[in-house]
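Asker: Input: one structure, supplied below.
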2 protein chains.
Amino acid sequence: MKCKTKFLNEEESIVKIESALLNGARKYFIENGFTEIVVPHITHATGACENVNTLFEVDYFGKNKYLVQTGQLYLESFVPKLDKVFCIGPSFRAEKDVDNRHLTEFTLVEIELQCNLNELIGHIEKTFMSMVQEALKHEDIIKNLGGSVEKLKNLKIPFERITYSDAIKELNNINIKVNWGDDLKSKHEKTLCELYGNKPFFITHYPEKIKFFNMKTNKKDSKIVNSTDFILPNAGECVGAAEREYEYKKIFKKLKNSTMLKRLESLGGEINDFEWYLNNIRKNGQVPHAGCGFGLNRITQYIIDATDIRKTTGFPLNKKTLY
Amino acid sequence: MKCKTKFLNEEESIVKIESALLNGARKYFIENGFTEIVVPHITHATGACENVNTLFEVDYFGKNKYLVQTGQLYLESFVPKLDKVFCIGPSFRAEKDVDNRHLTEFTLVEIELQCNLNELIGHIEKTFMSMVQEALKHEDIIKNLGGSVEKLKNLKIPFERITYSDAIKELNNINIKVNWGDDLKSKHEKTLCELYGNKPFFITHYPEKIKFFNMKTNKKDSKIVNSTDFILPNAGECVGAAEREYEYKKIFKKLKNSTMLKRLESLGGEINDFEWYLNNIRKNGQVPHAGCGFGLNRITQYIIDATDIRKTTGFPLNKKTLY
């Protein structure tokens, strides 16, 4: 291995790291009893994430359908019986910007399982560490690509956890003006990261309004949801995670009042686009559960200290570049 | 495990088998030094298989692009340096038929590596057996779904291999009329399967004209290519495989004269749609190699003896059904 790696070009080196990270994630899932679910990639709006404005449209035998952005709702339908499930595949975003931060297709690693937010954070940490361990089998490649092997070797879980409300306070304390209820921008995450020692960390309990419709409302404070984002130095948010609402009436109400549905309606969609999902919950019921999605390219970016997201995969896609 | 499985419904049982098969394939690949490549899913015509008429179109910022059907050409670009590579993901076909044989999206497991046809057949057999072994960890589920555990336990490699020309002779011998040069239909494959003891088997060395443009021409007989299809009882062809042409001039000539390009041109495409692929070969060169694609749903169908391809995955897609 070692003698060979010096002859690899940049793309070849990157795909070796990407492959190792995928292998590390799956290793954790398989060893811990997760079942892989093959989710659909052409979908109704049930395949959309909160930002429906970035859906790609497919001509599906004369009808407008969408390219999937998240397998979450599909995974959730198997949680009552199979418990731990995962899927790994492409997530499509019609992002117009051609720059070092946007891809129109990236790999999303998603899990759903019967657990609470605290337990989910444990799974995120252990999945992430399993990915890092597999990547560390290619020390030479990481070094050649400009990454720090030492930084990775020094990682220790558990990582720091702060609430969204505390994060806002911390930012205001150093005269960075952000209002409670605003989404955190990548520059805010970067500043917080520096405050917390330039290590991976979690921001928890975001305002309900800025997050995906079926995140579970906090029992003590109905303005926030039991959610977390996992933030990496340099790369930013690499995991979005939350407990899910699981009672039909609550889900229906949340969906009906969601920003996501309003956006969808303005594009010609309607609540019936979620028919399969809602029927499924009515028919099969649900159990308390939580889940998350790992943005693989952001993790690769952190591992090799890339400043350009296009340097995280063999075939980076954006508005100008296809293969 | 065993006590739980009796409570699973049909979809839950199927996804357990599907997950095991995927795990079995990856296990073989990882243990044998394959690198996973993340291939693009929105593509130029380089993502098309020989039947370009079944391409789905995506509105890519106002331009017509396609949903990928095969990652083969993307995998091939990494073979000169990384040797053994694989990808697993959705393959899209705009098949209008709503019946027990067609899906518009299915999972394709693809490998490319530096080897010849004979060695490739060995990898196909061992990958397949690794998948079967993982599935056999769920004997109860296989039985509940109607599959035969005994059939699977009795499988022994190597499997039978016959040439396409001999297959035509065998069929003509029992008064089934097929001309040399015709593609074998599923009823022909079924008859041949019965002749060869209802076990998985390989048909090799197909006519060049009916196969993908870059399959390698046989040295002794220029009318045939060094290819094989792997046929399963009940499910039919589950793997298409071949040595690839690797010299630029030959590939260019083959592409230019291919049925695939003629079809593409009739849809408004042109040889320049393959610019990335051709440039890549010119720039990086190629080495002798071969590869194949496993249709996962056909293998699941064989494992559980399903007569309906829609009973092979949790979210089967066709013209009428999306989720």
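Ligands are numbered from 1 in the order shown, residues from 1 within each chain, and chains are lettered A, B, ... in the order they appear in the structure tokens.
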At a cut-off of 7 Å, using only C-alpha atoms, what residues contact stretch 306-313 of chain B? Leave out same-chain residues fewer than 2 positions from it and give the result as a PDB file with N, CA and C atoms, in the first residue's frame.
Answerer:
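Saved as out01.pdb:
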ATOM      1  N   ILE B  14     -38.312  -8.684   3.082  1.00  0.00           N
ATOM      2  CA  ILE B  14     -37.558  -8.485   1.835  1.00  0.00           C
ATOM      3  C   ILE B  14     -36.345  -7.589   2.066  1.00  0.00           C
ATOM      4  N   VAL B  15     -36.538  -6.481   2.797  1.00  0.00           N
ATOM      5  CA  VAL B  15     -35.400  -5.580   2.971  1.00  0.00           C
ATOM      6  C   VAL B  15     -34.294  -6.203   3.828  1.00  0.00           C
ATOM      7  N   GLU B  18     -32.425  -8.119   1.181  1.00  0.00           N
ATOM      8  CA  GLU B  18     -31.731  -7.173   0.301  1.00  0.00           C
ATOM      9  C   GLU B  18     -30.494  -6.604   1.006  1.00  0.00           C
ATOM     10  N   ASN B 100     -44.747  -7.535 -13.835  1.00  0.00           N
ATOM     11  CA  ASN B 100     -43.900  -8.225 -12.850  1.00  0.00           C
ATOM     12  C   ASN B 100     -42.433  -8.330 -13.272  1.00  0.00           C
ATOM     13  N   ARG B 101     -42.060  -7.690 -14.410  1.00  0.00           N
ATOM     14  CA  ARG B 101     -40.684  -7.802 -14.888  1.00  0.00           C
ATOM     15  C   ARG B 101     -39.931  -6.474 -14.960  1.00  0.00           C
ATOM     16  N   HIS B 102     -40.633  -5.350 -14.804  1.00  0.00           N
ATOM     17  CA  HIS B 102     -39.971  -4.059 -15.013  1.00  0.00           C
ATOM     18  C   HIS B 102     -39.996  -3.132 -13.797  1.00  0.00           C
ATOM     19  N   ASN B 297     -31.803  -6.723  -7.839  1.00  0.00           N
ATOM     20  CA  ASN B 297     -33.185  -7.203  -7.706  1.00  0.00           C
ATOM     21  C   ASN B 297     -33.383  -8.585  -8.311  1.00  0.00           C
ATOM     22  N   THR B 300     -32.039 -10.988  -5.692  1.00  0.00           N
ATOM     23  CA  THR B 300     -33.034 -11.131  -4.617  1.00  0.00           C
ATOM     24  C   THR B 300     -34.181 -12.035  -5.077  1.00  0.00           C
ATOM     25  N   GLN B 301     -34.612 -11.826  -6.323  1.00  0.00           N
ATOM     26  CA  GLN B 301     -35.699 -12.633  -6.904  1.00  0.00           C
ATOM     27  C   GLN B 301     -35.353 -14.120  -6.874  1.00  0.00           C
ATOM     28  N   TYR B 302     -34.101 -14.426  -7.244  1.00  0.00           N
ATOM     29  CA  TYR B 302     -33.643 -15.823  -7.228  1.00  0.00           C
ATOM     30  C   TYR B 302     -33.619 -16.380  -5.799  1.00  0.00           C
ATOM     31  N   ILE B 304     -35.332 -15.567  -3.128  1.00  0.00           N
ATOM     32  CA  ILE B 304     -36.625 -15.806  -2.467  1.00  0.00           C
ATOM     33  C   ILE B 304     -37.661 -16.406  -3.424  1.00  0.00           C
ATOM     34  N   PHE B 315     -39.167  -0.344  -1.858  1.00  0.00           N
ATOM     35  CA  PHE B 315     -39.842   0.726  -2.599  1.00  0.00           C
ATOM     36  C   PHE B 315     -39.711   0.497  -4.106  1.00  0.00           C
ATOM     37  N   PRO B 316     -40.446  -0.501  -4.653  1.00  0.00           N
ATOM     38  CA  PRO B 316     -40.333  -0.778  -6.089  1.00  0.00           C
ATOM     39  C   PRO B 316     -40.994   0.320  -6.922  1.00  0.00           C
TER      40      PRO B 316
END
Asker: For chain B, list the residues within 8 Å of chain A, counting only C-alpha atoms, and write the list as JSON, numbers by chain.
Answerer: {"B": [8, 12, 15, 16, 18, 19, 35, 36, 37, 38, 39, 40, 41, 42, 43, 44, 46, 56, 57, 58, 59, 60, 61, 78, 81, 82, 89, 90, 94, 96, 105, 107, 276, 277, 313, 314, 315, 316, 317, 319, 322, 323]}
Asker: Which polymer residues have any atom within 6 Å of an atom of stretch 206-223 of chain A, counting only C-alpha atoms, with same-chain residues fewer than 4 positions away left out, as a PDB file with C-alpha atoms, in the first residue's frame?
Answerer:
ATOM      1  CA  GLU A  50     -36.726  21.495   4.221  1.00  0.00           C
ATOM      2  CA  TYR A 164     -28.455  26.930  20.258  1.00  0.00           C
ATOM      3  CA  GLY A 181     -34.602  32.391  15.859  1.00  0.00           C
ATOM      4  CA  ALA A 242     -33.192  15.080  15.650  1.00  0.00           C
ATOM      5  CA  GLU A 243     -35.779  13.123  17.526  1.00  0.00           C
ATOM      6  CA  ARG A 244     -38.829  12.684  15.252  1.00  0.00           C
ATOM      7  CA  GLU A 245     -42.457  13.377  15.983  1.00  0.00           C
ATOM      8  CA  LYS A 254     -46.648  20.090  11.984  1.00  0.00           C
ATOM      9  CA  LEU A 255     -46.593  19.306   8.280  1.00  0.00           C
ATOM     10  CA  SER A 258     -44.521  23.938   8.084  1.00  0.00           C
TER      11      SER A 258
END
Asker: DSSP on the backbone, then: every residue of stretch 201-280 of chain A marked strand (DSSP E), written as a list in words.
Answerer: Phe201, Phe202, Ile203, Thr204, Ser227, Thr228, Asp229, Phe230, Ile231, Leu232, Gly236, Glu237, Cys238, Val239, Gly240, Ala241, Ala242, Glu243 and Arg244 of chain A
Asker: Rounded to one decimal place, report the atom CA of B:Val287-atom CA of B:Phe252 distance in Å.
Answerer: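 Calculated distance between atom CA of B:Val287 and atom CA of B:Phe252 is 15.7 Å.
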Asker: Any chance you could list, as an MDAnalysis selection string, the residues in stretch 66-278 of chain B that come up alpha helix (DSSP H) when DSSP is run on the backbone?
Answerer: chainID B and resid 72:76 79:82 117:135 139:144 149:153 164:173 186:195 248:256 259:266 275:278
Asker: Could you write out that same residue set with C-alpha atoms as a PDB file, in the first residue's frame?
Answerer:
ATOM      1  CA  GLN B  72     -19.029   1.721 -15.805  1.00  0.00           C
ATOM      2  CA  LEU B  73     -17.167   4.480 -17.669  1.00  0.00           C
ATOM      3  CA  TYR B  74     -16.595   6.391 -14.397  1.00  0.00           C
ATOM      4  CA  LEU B  75     -15.208   3.288 -12.712  1.00  0.00           C
ATOM      5  CA  GLU B  76     -12.987   2.545 -15.709  1.00  0.00           C
ATOM      6  CA  VAL B  79      -8.679   1.269 -13.039  1.00  0.00           C
ATOM      7  CA  PRO B  80      -5.204   2.182 -14.407  1.00  0.00           C
ATOM      8  CA  LYS B  81      -4.020   3.341 -10.949  1.00  0.00           C
ATOM      9  CA  LEU B  82      -6.395   1.853  -8.364  1.00  0.00           C
ATOM     10  CA  LEU B 117     -12.783 -12.608 -18.821  1.00  0.00           C
ATOM     11  CA  ASN B 118     -11.876 -15.878 -17.146  1.00  0.00           C
ATOM     12  CA  GLU B 119     -10.646 -14.138 -13.988  1.00  0.00           C
ATOM     13  CA  LEU B 120     -13.690 -11.855 -14.024  1.00  0.00           C
ATOM     14  CA  ILE B 121     -16.009 -14.879 -14.043  1.00  0.00           C
ATOM     15  CA  GLY B 122     -14.181 -16.083 -10.932  1.00  0.00           C
ATOM     16  CA  HIS B 123     -14.884 -12.744  -9.190  1.00  0.00           C
ATOM     17  CA  ILE B 124     -18.548 -12.900 -10.242  1.00  0.00           C
ATOM     18  CA  GLU B 125     -18.894 -16.393  -8.794  1.00  0.00           C
ATOM     19  CA  LYS B 126     -17.215 -15.471  -5.532  1.00  0.00           C
ATOM     20  CA  THR B 127     -19.149 -12.197  -5.145  1.00  0.00           C
ATOM     21  CA  PHE B 128     -22.392 -14.062  -5.786  1.00  0.00           C
ATOM     22  CA  MET B 129     -21.510 -16.784  -3.270  1.00  0.00           C
ATOM     23  CA  SER B 130     -20.594 -14.152  -0.659  1.00  0.00           C
ATOM     24  CA  MET B 131     -24.041 -12.594  -1.182  1.00  0.00           C
ATOM     25  CA  VAL B 132     -25.743 -15.987  -0.855  1.00  0.00           C
ATOM     26  CA  GLN B 133     -23.817 -16.750   2.363  1.00  0.00           C
ATOM     27  CA  GLU B 134     -24.966 -13.490   3.961  1.00  0.00           C
ATOM     28  CA  ALA B 135     -28.572 -14.143   2.900  1.00  0.00           C
ATOM     29  CA  GLU B 139     -32.936 -18.897   6.818  1.00  0.00           C
ATOM     30  CA  ASP B 140     -36.322 -18.293   8.482  1.00  0.00           C
ATOM     31  CA  ILE B 141     -36.989 -15.185   6.423  1.00  0.00           C
ATOM     32  CA  ILE B 142     -36.030 -16.925   3.173  1.00  0.00           C
ATOM     33  CA  LYS B 143     -38.417 -19.771   4.009  1.00  0.00           C
ATOM     34  CA  ASN B 144     -41.222 -17.394   5.037  1.00  0.00           C
ATOM     35  CA  VAL B 149     -32.759 -22.678   1.665  1.00  0.00           C
ATOM     36  CA  GLU B 150     -31.706 -26.129   0.436  1.00  0.00           C
ATOM     37  CA  LYS B 151     -31.241 -24.872  -3.138  1.00  0.00           C
ATOM     38  CA  LEU B 152     -28.946 -22.137  -1.858  1.00  0.00           C
ATOM     39  CA  LYS B 153     -26.969 -24.422   0.431  1.00  0.00           C
ATOM     40  CA  TYR B 164     -23.451 -18.004 -27.128  1.00  0.00           C
ATOM     41  CA  SER B 165     -22.860 -19.996 -30.346  1.00  0.00           C
ATOM     42  CA  ASP B 166     -23.350 -23.305 -28.519  1.00  0.00           C
ATOM     43  CA  ALA B 167     -26.464 -21.906 -26.839  1.00  0.00           C
ATOM     44  CA  ILE B 168     -27.940 -21.101 -30.260  1.00  0.00           C
ATOM     45  CA  LYS B 169     -27.112 -24.643 -31.440  1.00  0.00           C
ATOM     46  CA  GLU B 170     -28.698 -26.203 -28.340  1.00  0.00           C
ATOM     47  CA  LEU B 171     -31.875 -24.186 -28.878  1.00  0.00           C
ATOM     48  CA  ASN B 172     -32.026 -25.044 -32.598  1.00  0.00           C
ATOM     49  CA  ASN B 173     -31.493 -28.742 -31.707  1.00  0.00           C
ATOM     50  CA  SER B 186     -35.773 -14.442 -21.332  1.00  0.00           C
ATOM     51  CA  LYS B 187     -37.741 -17.479 -22.583  1.00  0.00           C
ATOM     52  CA  HIS B 188     -34.561 -18.703 -24.335  1.00  0.00           C
ATOM     53  CA  GLU B 189     -32.504 -18.212 -21.197  1.00  0.00           C
ATOM     54  CA  LYS B 190     -35.156 -20.118 -19.255  1.00  0.00           C
ATOM     55  CA  THR B 191     -35.026 -23.079 -21.654  1.00  0.00           C
ATOM     56  CA  LEU B 192     -31.224 -23.135 -21.565  1.00  0.00           C
ATOM     57  CA  CYS B 193     -31.340 -23.000 -17.781  1.00  0.00           C
ATOM     58  CA  GLU B 194     -33.529 -26.125 -17.739  1.00  0.00           C
ATOM     59  CA  LEU B 195     -31.129 -27.868 -20.141  1.00  0.00           C
ATOM     60  CA  TYR B 248      -8.028   4.911 -27.713  1.00  0.00           C
ATOM     61  CA  LYS B 249      -8.226   4.410 -31.486  1.00  0.00           C
ATOM     62  CA  LYS B 250     -10.183   1.184 -31.159  1.00  0.00           C
ATOM     63  CA  ILE B 251     -12.598   2.637 -28.594  1.00  0.00           C
ATOM     64  CA  PHE B 252     -13.203   5.718 -30.724  1.00  0.00           C
ATOM     65  CA  LYS B 253     -13.910   3.576 -33.783  1.00  0.00           C
ATOM     66  CA  LYS B 254     -16.197   1.243 -31.823  1.00  0.00           C
ATOM     67  CA  LEU B 255     -18.121   4.143 -30.315  1.00  0.00           C
ATOM     68  CA  LYS B 256     -18.473   5.859 -33.692  1.00  0.00           C
ATOM     69  CA  THR B 259     -25.793   1.053 -32.373  1.00  0.00           C
ATOM     70  CA  MET B 260     -25.832   3.025 -29.110  1.00  0.00           C
ATOM     71  CA  LEU B 261     -24.454   6.185 -30.751  1.00  0.00           C
ATOM     72  CA  LYS B 262     -26.886   5.866 -33.677  1.00  0.00           C
ATOM     73  CA  ARG B 263     -29.773   5.725 -31.205  1.00  0.00           C
ATOM     74  CA  LEU B 264     -28.333   8.652 -29.270  1.00  0.00           C
ATOM     75  CA  GLU B 265     -27.977  10.718 -32.463  1.00  0.00           C
ATOM     76  CA  SER B 266     -31.603  10.027 -33.344  1.00  0.00           C
ATOM     77  CA  GLU B 275     -15.931  14.124 -24.555  1.00  0.00           C
ATOM     78  CA  TRP B 276     -15.007  13.634 -20.889  1.00  0.00           C
ATOM     79  CA  TYR B 277     -14.608   9.892 -21.333  1.00  0.00           C
ATOM     80  CA  LEU B 278     -12.555  10.099 -24.532  1.00  0.00           C
TER      81      LEU B 278
END
